[in-house]
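What follows is coords-v2.cif (mmCIF, C-alpha atoms and all ligand atoms).
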```cif
data_start
loop_
_atom_site.label_atom_id
_atom_site.label_comp_id
_atom_site.auth_asym_id
_atom_site.auth_seq_id
_atom_site.Cartn_x
_atom_site.Cartn_y
_atom_site.Cartn_z
CA MET A 934 -5.02 20.28 -10.73
CA ARG A 935 -2.78 20.67 -7.73
CA ASP A 936 0.28 22.92 -7.97
CA LEU A 937 3.45 20.89 -7.48
CA SER A 938 5.91 23.62 -8.44
CA ASN A 939 7.21 24.05 -4.89
CA ASP A 940 5.91 20.82 -3.50
CA THR A 941 7.46 17.98 -1.57
CA GLU A 942 4.32 17.21 0.48
CA LEU A 943 2.71 15.30 -2.37
CA LEU A 944 5.84 13.36 -3.25
CA SER A 945 6.30 9.80 -2.12
CA LEU A 946 9.35 7.69 -2.87
CA ASN A 947 8.84 4.08 -3.81
CA ALA A 948 11.81 2.52 -2.06
CA ALA A 949 12.69 0.43 -5.12
CA THR A 950 13.95 3.63 -6.75
CA VAL A 951 17.15 3.68 -4.69
CA ARG A 952 17.19 0.10 -3.42
CA LYS A 953 20.54 -0.95 -4.87
CA ARG A 954 22.73 1.35 -2.81
CA TRP A 955 20.70 2.02 0.33
CA ASN A 956 18.83 -0.27 2.68
CA LEU A 957 15.36 0.77 3.81
CA SER A 958 16.58 2.48 6.96
CA GLN A 959 18.97 4.60 4.89
CA ILE A 960 16.17 5.34 2.41
CA ILE A 961 13.97 6.64 5.23
CA GLU A 962 16.84 8.84 6.42
CA GLY A 963 17.27 10.04 2.84
CA CYS A 964 13.61 11.00 2.58
CA VAL A 965 13.87 13.01 5.80
CA ARG A 966 17.06 14.72 4.61
CA HIS A 967 15.40 15.77 1.36
CA ASN A 968 11.97 16.65 2.83
CA ILE A 969 10.26 13.87 0.93
CA THR A 970 7.17 13.17 3.01
CA GLY A 971 6.03 9.79 1.70
CA ILE A 972 7.51 6.36 1.19
CA ALA A 973 6.40 3.02 -0.24
CA PRO A 974 8.54 0.18 1.07
CA TRP A 975 8.89 -3.38 -0.25
CA ARG A 976 8.44 -6.46 1.89
CA ASP A 977 11.96 -7.79 1.34
CA GLN A 978 13.43 -4.42 2.35
CA VAL A 979 11.30 -4.43 5.50
CA ALA A 980 12.31 -8.00 6.32
CA GLU A 981 15.99 -7.11 5.93
CA CYS A 982 15.80 -4.29 8.51
CA GLY A 983 13.04 -5.73 10.74
CA LEU A 984 9.34 -4.85 10.72
CA ALA A 985 9.11 -3.30 14.20
CA PRO A 986 12.18 -1.02 13.91
CA ILE A 987 11.17 0.08 10.41
CA ALA A 988 7.59 0.81 11.49
CA LYS A 989 8.97 2.90 14.36
CA GLN A 990 11.48 4.72 12.14
CA ILE A 991 8.77 5.60 9.63
CA ARG A 992 6.47 6.83 12.42
CA ASP A 993 9.22 8.85 14.08
CA ALA A 994 10.11 10.40 10.71
CA GLY A 995 6.46 11.37 10.19
CA LEU A 996 6.38 9.79 6.74
CA GLN A 997 3.15 8.85 5.04
CA VAL A 998 3.20 5.35 3.58
CA SER A 999 1.55 5.72 0.19
CA GLY A 1000 1.50 1.96 -0.33
CA TYR A 1001 3.07 -1.30 0.75
CA CYS A 1002 4.68 -3.46 -1.95
CA ARG A 1003 3.34 -5.94 -2.36
CA GLY A 1004 0.74 -8.64 -2.11
CA GLY A 1005 -0.82 -10.69 -4.89
CA MET A 1006 0.85 -13.42 -6.94
CA PHE A 1007 -2.18 -15.63 -6.38
CA PRO A 1008 -2.27 -18.16 -9.27
CA ALA A 1009 -0.41 -21.43 -8.80
CA ALA A 1010 -0.34 -24.86 -10.39
CA ASP A 1011 -1.59 -26.69 -7.28
CA ALA A 1012 -3.92 -26.09 -4.36
CA ALA A 1013 -1.23 -26.23 -1.68
CA THR A 1014 0.75 -23.43 -3.32
CA ARG A 1015 -2.43 -21.39 -3.76
CA ARG A 1016 -3.09 -21.75 -0.02
CA ASP A 1017 0.52 -20.73 0.75
CA ASN A 1018 0.05 -17.67 -1.44
CA ILE A 1019 -3.09 -16.68 0.44
CA GLU A 1020 -1.35 -17.08 3.80
CA ASP A 1021 1.50 -14.97 2.52
CA ASN A 1022 -0.99 -12.26 1.54
CA ILE A 1023 -2.49 -12.36 5.02
CA ARG A 1024 1.00 -11.74 6.42
CA ALA A 1025 1.42 -8.87 3.96
CA ILE A 1026 -1.83 -7.31 5.26
CA ASP A 1027 -0.49 -7.59 8.83
CA GLU A 1028 2.79 -5.94 7.85
CA ALA A 1029 1.05 -3.18 5.90
CA THR A 1030 -1.15 -2.51 8.92
CA GLN A 1031 1.77 -2.36 11.32
CA ILE A 1032 3.68 -0.02 9.02
CA GLY A 1033 0.68 2.29 8.64
CA ALA A 1034 0.31 1.91 4.87
CA GLU A 1035 -2.55 3.60 3.06
CA CYS A 1036 -3.02 0.48 0.93
CA LEU A 1037 -1.51 -2.89 0.13
CA VAL A 1038 -0.58 -2.97 -3.54
CA LEU A 1039 -1.56 -6.20 -5.32
CA VAL A 1040 0.45 -7.42 -8.29
CA VAL A 1041 -1.94 -10.23 -8.93
CA GLY A 1042 0.25 -12.84 -10.63
CA GLY A 1043 0.29 -14.39 -14.08
CA LEU A 1044 -0.04 -17.86 -15.56
CA PRO A 1045 0.86 -20.78 -13.30
CA ASP A 1046 3.88 -22.81 -14.42
CA GLY A 1047 3.01 -24.86 -17.49
CA SER A 1048 -0.39 -23.25 -17.99
CA LYS A 1049 -1.73 -21.57 -21.11
CA ASP A 1050 -5.14 -21.02 -19.55
CA LEU A 1051 -5.50 -17.26 -19.10
CA ASN A 1052 -9.16 -17.50 -18.05
CA ASP A 1053 -8.17 -19.88 -15.29
CA ALA A 1054 -5.48 -17.44 -14.14
CA HIS A 1055 -8.12 -14.67 -14.01
CA THR A 1056 -10.38 -16.90 -11.94
CA GLN A 1057 -7.55 -17.80 -9.59
CA VAL A 1058 -6.79 -14.12 -9.09
CA GLU A 1059 -10.39 -13.36 -8.11
CA ASP A 1060 -10.53 -16.40 -5.84
CA GLY A 1061 -7.32 -15.26 -4.16
CA ILE A 1062 -8.55 -11.72 -3.63
CA SER A 1063 -11.87 -13.03 -2.29
CA ALA A 1064 -9.97 -15.17 0.20
CA ILE A 1065 -8.13 -12.20 1.74
CA LEU A 1066 -10.58 -9.33 1.32
CA GLU A 1067 -12.55 -9.90 4.50
CA TYR A 1068 -9.34 -9.98 6.52
CA ALA A 1069 -8.16 -6.79 4.82
CA ARG A 1070 -11.47 -5.09 5.62
CA LYS A 1071 -11.24 -6.16 9.25
CA ASN A 1072 -7.78 -4.58 9.40
CA GLN A 1073 -9.01 -1.51 7.50
CA MET A 1074 -6.27 -2.11 4.97
CA PRO A 1075 -7.47 -1.20 1.45
CA LEU A 1076 -6.29 -3.53 -1.31
CA ALA A 1077 -5.03 -1.77 -4.44
CA ILE A 1078 -4.98 -3.86 -7.60
CA GLU A 1079 -2.22 -2.55 -9.83
CA PRO A 1080 -2.90 -3.38 -13.47
CA LEU A 1081 0.46 -4.01 -15.14
CA HIS A 1082 1.44 -3.41 -18.74
CA PRO A 1083 0.39 -6.41 -20.89
CA MET A 1084 4.01 -7.44 -21.42
CA TYR A 1085 3.85 -8.84 -17.87
CA ALA A 1086 0.66 -10.85 -18.35
CA ALA A 1087 2.44 -14.21 -18.33
CA ASP A 1088 4.71 -13.85 -15.35
CA ARG A 1089 3.61 -10.99 -13.12
CA ALA A 1090 0.04 -9.84 -13.56
CA CYS A 1091 -2.75 -11.07 -15.79
CA VAL A 1092 -4.78 -7.94 -14.96
CA ASN A 1093 -3.49 -5.48 -17.54
CA THR A 1094 -6.02 -2.69 -17.88
CA LEU A 1095 -7.65 -0.35 -15.41
CA LYS A 1096 -11.00 -1.57 -16.72
CA HIS A 1097 -10.22 -5.16 -15.78
CA ALA A 1098 -9.03 -4.06 -12.33
CA LEU A 1099 -12.19 -2.01 -11.75
CA ASP A 1100 -14.44 -4.82 -12.99
CA ILE A 1101 -12.90 -7.01 -10.29
CA CYS A 1102 -13.32 -4.25 -7.69
CA ASP A 1103 -16.99 -3.86 -8.62
CA ARG A 1104 -17.56 -7.59 -8.17
CA MET A 1105 -15.76 -7.55 -4.80
CA GLY A 1106 -17.45 -4.55 -3.16
CA THR A 1107 -15.83 -2.34 -0.53
CA GLY A 1108 -12.24 -2.26 0.67
CA ILE A 1109 -10.62 -2.61 -2.74
CA GLY A 1110 -9.55 -0.25 -5.51
CA ALA A 1111 -6.77 0.33 -8.00
CA ALA A 1112 -3.22 1.64 -8.04
CA ILE A 1113 -2.76 3.65 -11.23
CA ASP A 1114 0.83 3.56 -12.49
CA VAL A 1115 1.41 5.70 -15.58
CA TYR A 1116 4.07 3.25 -16.78
CA HIS A 1117 1.52 0.46 -17.03
CA VAL A 1118 -1.54 2.27 -18.34
CA TRP A 1119 -0.39 5.23 -20.45
CA TRP A 1120 -1.02 3.37 -23.74
CA ASP A 1121 -4.67 2.50 -22.99
CA PRO A 1122 -7.18 4.38 -25.23
CA ASP A 1123 -9.81 3.75 -22.56
CA LEU A 1124 -7.76 5.24 -19.73
CA GLU A 1125 -9.54 8.55 -19.20
CA THR A 1126 -12.97 6.90 -19.19
CA GLN A 1127 -11.84 4.30 -16.69
CA ILE A 1128 -10.24 6.92 -14.42
CA VAL A 1129 -13.55 8.82 -14.37
CA ARG A 1130 -15.32 5.57 -13.53
CA ALA A 1131 -12.85 4.80 -10.74
CA GLY A 1132 -13.35 8.25 -9.28
CA GLN A 1133 -17.12 7.80 -9.11
CA ASN A 1134 -16.60 4.85 -6.79
CA ASP A 1135 -13.61 6.19 -4.81
CA GLN A 1136 -11.47 3.41 -6.23
CA ILE A 1137 -8.22 5.29 -6.93
CA LEU A 1138 -5.98 4.30 -4.06
CA ALA A 1139 -2.53 5.17 -5.41
CA PHE A 1140 -0.85 7.03 -8.26
CA HIS A 1141 2.61 5.93 -9.42
CA VAL A 1142 4.87 7.88 -11.75
CA CYS A 1143 7.98 7.24 -13.84
CA ASP A 1144 8.39 7.35 -17.61
CA TRP A 1145 8.39 5.09 -20.68
CA LEU A 1146 11.69 5.23 -22.52
CA VAL A 1147 11.97 4.77 -26.28
CA PRO A 1148 13.52 2.36 -26.85
CA THR A 1149 12.98 0.34 -23.67
CA ASN A 1150 15.90 -2.05 -23.32
CA ASP A 1151 14.66 -4.26 -20.52
CA MET A 1152 11.09 -5.28 -19.71
CA LEU A 1153 11.57 -4.87 -15.97
CA THR A 1154 14.49 -2.63 -15.16
CA ASP A 1155 14.58 0.12 -17.77
CA ARG A 1156 12.03 2.60 -16.49
CA GLY A 1157 12.73 6.25 -17.04
CA MET A 1158 12.79 9.24 -14.72
CA MET A 1159 9.74 11.44 -15.19
CA GLY A 1160 10.36 13.74 -18.15
CA ASP A 1161 12.82 11.45 -19.93
CA GLY A 1162 10.21 9.46 -21.88
CA ILE A 1163 6.97 9.76 -23.81
CA ILE A 1164 4.25 9.64 -21.16
CA ASP A 1165 2.15 12.78 -20.80
CA ILE A 1166 2.23 12.55 -17.01
CA PRO A 1167 0.48 15.88 -16.22
CA LYS A 1168 -2.43 14.87 -18.44
CA ILE A 1169 -2.93 11.62 -16.55
CA ARG A 1170 -2.41 13.32 -13.17
CA ASN A 1171 -5.04 15.86 -14.14
CA TRP A 1172 -7.52 13.05 -14.93
CA VAL A 1173 -6.73 11.31 -11.66
CA GLU A 1174 -7.10 14.49 -9.60
CA ARG A 1175 -10.29 15.51 -11.38
CA ALA A 1176 -11.58 12.08 -10.41
CA GLY A 1177 -10.99 13.00 -6.77
CA PHE A 1178 -7.59 11.50 -5.97
CA ARG A 1179 -5.89 13.48 -3.20
CA GLY A 1180 -2.99 11.20 -2.33
CA GLN A 1181 0.68 11.48 -3.09
CA CYS A 1182 2.48 10.96 -6.41
CA GLU A 1183 4.69 7.95 -5.80
CA VAL A 1184 7.89 7.84 -7.82
CA GLU A 1185 8.72 4.25 -8.72
CA ILE A 1186 11.72 3.66 -10.95
CA PHE A 1187 13.41 0.33 -11.68
CA SER A 1188 16.53 1.28 -13.59
CA ALA A 1189 19.41 -1.17 -13.45
CA GLU A 1190 21.67 0.58 -15.91
CA ASN A 1191 21.03 4.17 -14.96
CA TRP A 1192 19.34 5.43 -11.78
CA TRP A 1193 20.23 2.42 -9.61
CA LYS A 1194 23.89 3.12 -10.33
CA LYS A 1195 23.79 6.77 -9.33
CA ASP A 1196 24.37 8.37 -5.93
CA PRO A 1197 20.98 7.99 -4.20
CA ASP A 1198 21.11 11.56 -2.83
CA GLU A 1199 21.40 12.79 -6.42
CA VAL A 1200 18.53 10.51 -7.47
CA LEU A 1201 16.31 11.97 -4.75
CA LYS A 1202 17.18 15.52 -5.79
CA THR A 1203 16.28 14.66 -9.38
CA CYS A 1204 13.00 13.05 -8.27
CA ILE A 1205 12.07 16.27 -6.44
CA THR A 1206 12.95 18.53 -9.37
CA ARG A 1207 11.08 16.40 -11.87
CA HIS A 1208 8.10 16.05 -9.51
CA GLN A 1209 7.93 19.84 -9.39
CA THR A 1210 8.37 20.41 -13.12
CA VAL A 1211 7.12 17.54 -15.26
CA VAL A 1212 4.65 15.56 -13.11
ZN ZN B 1 3.61 0.93 -9.65
#
```
Produce structure tokens that represent the structure in this file.
Amino acid sequence: MRDLSNDTELLSLNAATVRKRWNLSQIIEGCVRHNITGIAPWRDQVAECGLAPIAKQIRDAGLQVSGYCRGGMFPAADAATRRDNIEDNIRAIDEATQIGAECLVLVVGGLPDGSKDLNDAHTQVEDGISAILEYARKNQMPLAIEPLHPMYAADRACVNTLKHALDICDRMGTGIGAAIDVYHVWWDPDLETQIVRAGQNDQILAFHVCDWLVPTNDMLTDRGMMGDGIIDIPKIRNWVERAGFRGQCEVEIFSAENWWKKDPDEVLKTCITRHQTVV
């Protein structure tokens, strides 16, 4: 297991973590100021500041881009919307390529409006991925399916376990893998086995960290800082690294009532300290 005790090289900041008080350009400056060497921007943040200037700022800052957030959201109630979603994913691949991302993260989408047909949603997800995979391969942009916690199955992602994500990857072939976020997968009794399996096929494309608070007061925006919750993060990191993952640990915290309200410089300092001590 890699030693993080003095590390900032293996730390990447998911830009959602400080998105309420800084725009993306300020977040990049913040990373440089604090010697954080990786970033994972969101499409809306990039659009706000402009793709070309942001790509240049990231390059000039020498930041790695541990992932681009995000593509996916494939299922829809009608064919026209499904086609729009695919075109939007093609644009996301272009942006991820221009920004130099190591992967495009896919949050695959949930049930279409009015649907109770989970199998159909699964099929639509695979159809959507199939429709963009060749383009992603041509651009050498790996697609990273991020299984989300099952509480999001209806509205965000109907792929909820690493096993399901890897089953899809195996059916798709090359150019696709998984983003493993401890927040979404910590509860899974099959996690270690599936991480070993992913490692055998070089399918671990990203590793995201934060913590699960007890109680959790909001399904979306009450994630904890590493060390403040109940996830054994070092255990999972050890599994992931034993499986061959050599990328950065990406800190991704949505926290409306706590971290989003704090001074972002303080948040970054805390991310670094926790990365070095409890990740
Ligand atoms: Zn994540």
Counting only C-alpha atoms, which residues of range 958-1076 of chain A fall within 10 Å of range 1138-1162 of chain A, and what is the closest atom pair for each with its distance in Å at one decimal, ordered by chain and rising number, as JSON lines?
```
{"residue": "A:Ser999", "atom": "CA", "partner": "A:Ala1139", "partner_atom": "CA", "distance": 7.0}
{"residue": "A:Gly1000", "atom": "CA", "partner": "A:Ala1139", "partner_atom": "CA", "distance": 7.2}
{"residue": "A:Glu1035", "atom": "CA", "partner": "A:Leu1138", "partner_atom": "CA", "distance": 7.9}
{"residue": "A:Cys1036", "atom": "CA", "partner": "A:Leu1138", "partner_atom": "CA", "distance": 6.9}
{"residue": "A:Leu1037", "atom": "CA", "partner": "A:Leu1138", "partner_atom": "CA", "distance": 9.4}
{"residue": "A:Val1038", "atom": "CA", "partner": "A:Ala1139", "partner_atom": "CA", "distance": 8.6}
{"residue": "A:Pro1075", "atom": "CA", "partner": "A:Leu1138", "partner_atom": "CA", "distance": 7.9}
{"residue": "A:Leu1076", "atom": "CA", "partner": "A:Leu1138", "partner_atom": "CA", "distance": 8.3}
```
Residue subset to file, keeping C-alpha atoms, as an mmCIF file, keeping the file's coordinate frame:
```cif
data_model
loop_
_atom_site.group_PDB
_atom_site.id
_atom_site.type_symbol
_atom_site.label_atom_id
_atom_site.label_comp_id
_atom_site.auth_asym_id
_atom_site.auth_seq_id
_atom_site.Cartn_x
_atom_site.Cartn_y
_atom_site.Cartn_z
ATOM 1 C CA SER A 999 1.550 5.720 0.190
ATOM 2 C CA GLY A 1000 1.500 1.960 -0.330
ATOM 3 C CA GLU A 1035 -2.550 3.600 3.060
ATOM 4 C CA CYS A 1036 -3.020 0.480 0.930
ATOM 5 C CA LEU A 1037 -1.510 -2.890 0.130
ATOM 6 C CA VAL A 1038 -0.580 -2.970 -3.540
ATOM 7 C CA PRO A 1075 -7.470 -1.200 1.450
ATOM 8 C CA LEU A 1076 -6.290 -3.530 -1.310
#
```
* **Environment of ligand ZN 1 (chain B) within 9 Å, counting only C-alpha atoms and all ligand atoms, reported as JSON, numbers by chain** => {"A": [947, 1002, 1038, 1079, 1080, 1081, 1112, 1113, 1114, 1115, 1116, 1117, 1139, 1140, 1141, 1142, 1143, 1183, 1184, 1185, 1186]}
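Our summary of the geometry notes that CA of Pro974 in chain A is positioned 15.3 Å from CA of Leu1201 in chain A.
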* d(CA of Gln1209 in chain A, CA of His967 in chain A) in Å -> 13.7 Å
* Structure fact -> Pairwise distance, CA of Ala980 in chain A with CA of Gln997 in chain A, equals 19.2 Å
* Asked: Looking at only C-alpha atoms, which of A:Leu1099, A:Ile1164, A:Ala1013, A:Ala1090 is the one that sits closest to Asn1134 in chain A?
  ->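 Smallest separation from Asn1134 in chain A among the options: A:Leu1099.
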8 Å per side around range 1013-1027 of chain A: axis-aligned box centre and edge lengths, as AutoDock Vina command-line options:
```
--center_x -0.8 --center_y -16.8 --center_z 2.5 --size_x 20.6 --size_y 34.9 --size_z 28.6
```
* Find the residues around Arg952 in chain A up to 12 Å (only C-alpha atoms counted), leave out those fewer than 6 positions away in its own chain, and share them as a list in words. =>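 Selected residues are Leu946, Ser958, Gln959, Ile960, Ile961, Gly963, Ala973, Pro974, Trp975, Asp977, Gln978, Val979, Glu981, Glu1185, Ile1186, Phe1187, Ser1188, Ala1189, Trp1192, Trp1193, Lys1194, Lys1195, Asp1196, Pro1197, Val1200 and Leu1201 of chain A.
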* To do: Just give me the residues with any atom within 12 Å of (-2.4, -7.1, -22.7), file coordinates, counting all atoms listed in the file, written as a VMD selection string.
  => chain A and resid 1043 1051 1080 to 1087 1089 to 1097 1117 to 1118 1120 to 1121
* Between A:Ala1077, A:Gly1047, A:Asp1165, A:Lys989, which one has atoms that come closest to Gly1005 in chain A, using all atoms listed in the file? ->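 So, comparing all the options, the nearest one is A:Ala1077.
Of the listed residues (A:Met934, A:Ala985, A:Met1105, A:Ala1009), A:Met934 comes nearest to Val1173 in chain A; the distances count all atoms listed in the file.
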* **Nearest-residue call for Arg1016 in chain A, choices A:Glu1190, A:Asp1103, A:Glu1199, A:Asp1060, using all atoms listed in the file** =>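 Closest candidate: A:Asp1060.
Shortest atom-to-atom contact with Met1074 in chain A among A:Ala1029, A:Ala1098, A:Ile1062, A:Ala1111: A:Ala1029, counting only C-alpha atoms.
Those DNA, RNA and protein residues that approach the point (9.3, 15.5, -5.0) to within 8 Å, considering all atoms listed in the file, are A:Asp940, A:Thr941, A:Glu942, A:Leu943, A:Leu944, A:Ser945, A:Ile969, A:Leu1201, A:Lys1202, A:Cys1204, A:Ile1205, A:Thr1206, A:Arg1207, A:His1208, A:Gln1209.
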Mind writing the picked residues with C-alpha atoms as a short mmCIF file (atom, residue, chain, number, x, y, z; two decimals), keeping the file's coordinate frame?
```cif
data_model
loop_
_atom_site.label_atom_id
_atom_site.label_comp_id
_atom_site.auth_asym_id
_atom_site.auth_seq_id
_atom_site.Cartn_x
_atom_site.Cartn_y
_atom_site.Cartn_z
CA ASP A 940 5.91 20.82 -3.50
CA THR A 941 7.46 17.98 -1.57
CA GLU A 942 4.32 17.21 0.48
CA LEU A 943 2.71 15.30 -2.37
CA LEU A 944 5.84 13.36 -3.25
CA SER A 945 6.30 9.80 -2.12
CA ILE A 969 10.26 13.87 0.93
CA LEU A 1201 16.31 11.97 -4.75
CA LYS A 1202 17.18 15.52 -5.79
CA CYS A 1204 13.00 13.05 -8.27
CA ILE A 1205 12.07 16.27 -6.44
CA THR A 1206 12.95 18.53 -9.37
CA ARG A 1207 11.08 16.40 -11.87
CA HIS A 1208 8.10 16.05 -9.51
CA GLN A 1209 7.93 19.84 -9.39
#
```
* With distances taken over only C-alpha atoms, which of A:Ala1034, A:Ile1101, A:Ala1176, A:Ala949 is nearest to Asp1135 in chain A? -> A:Ala1176
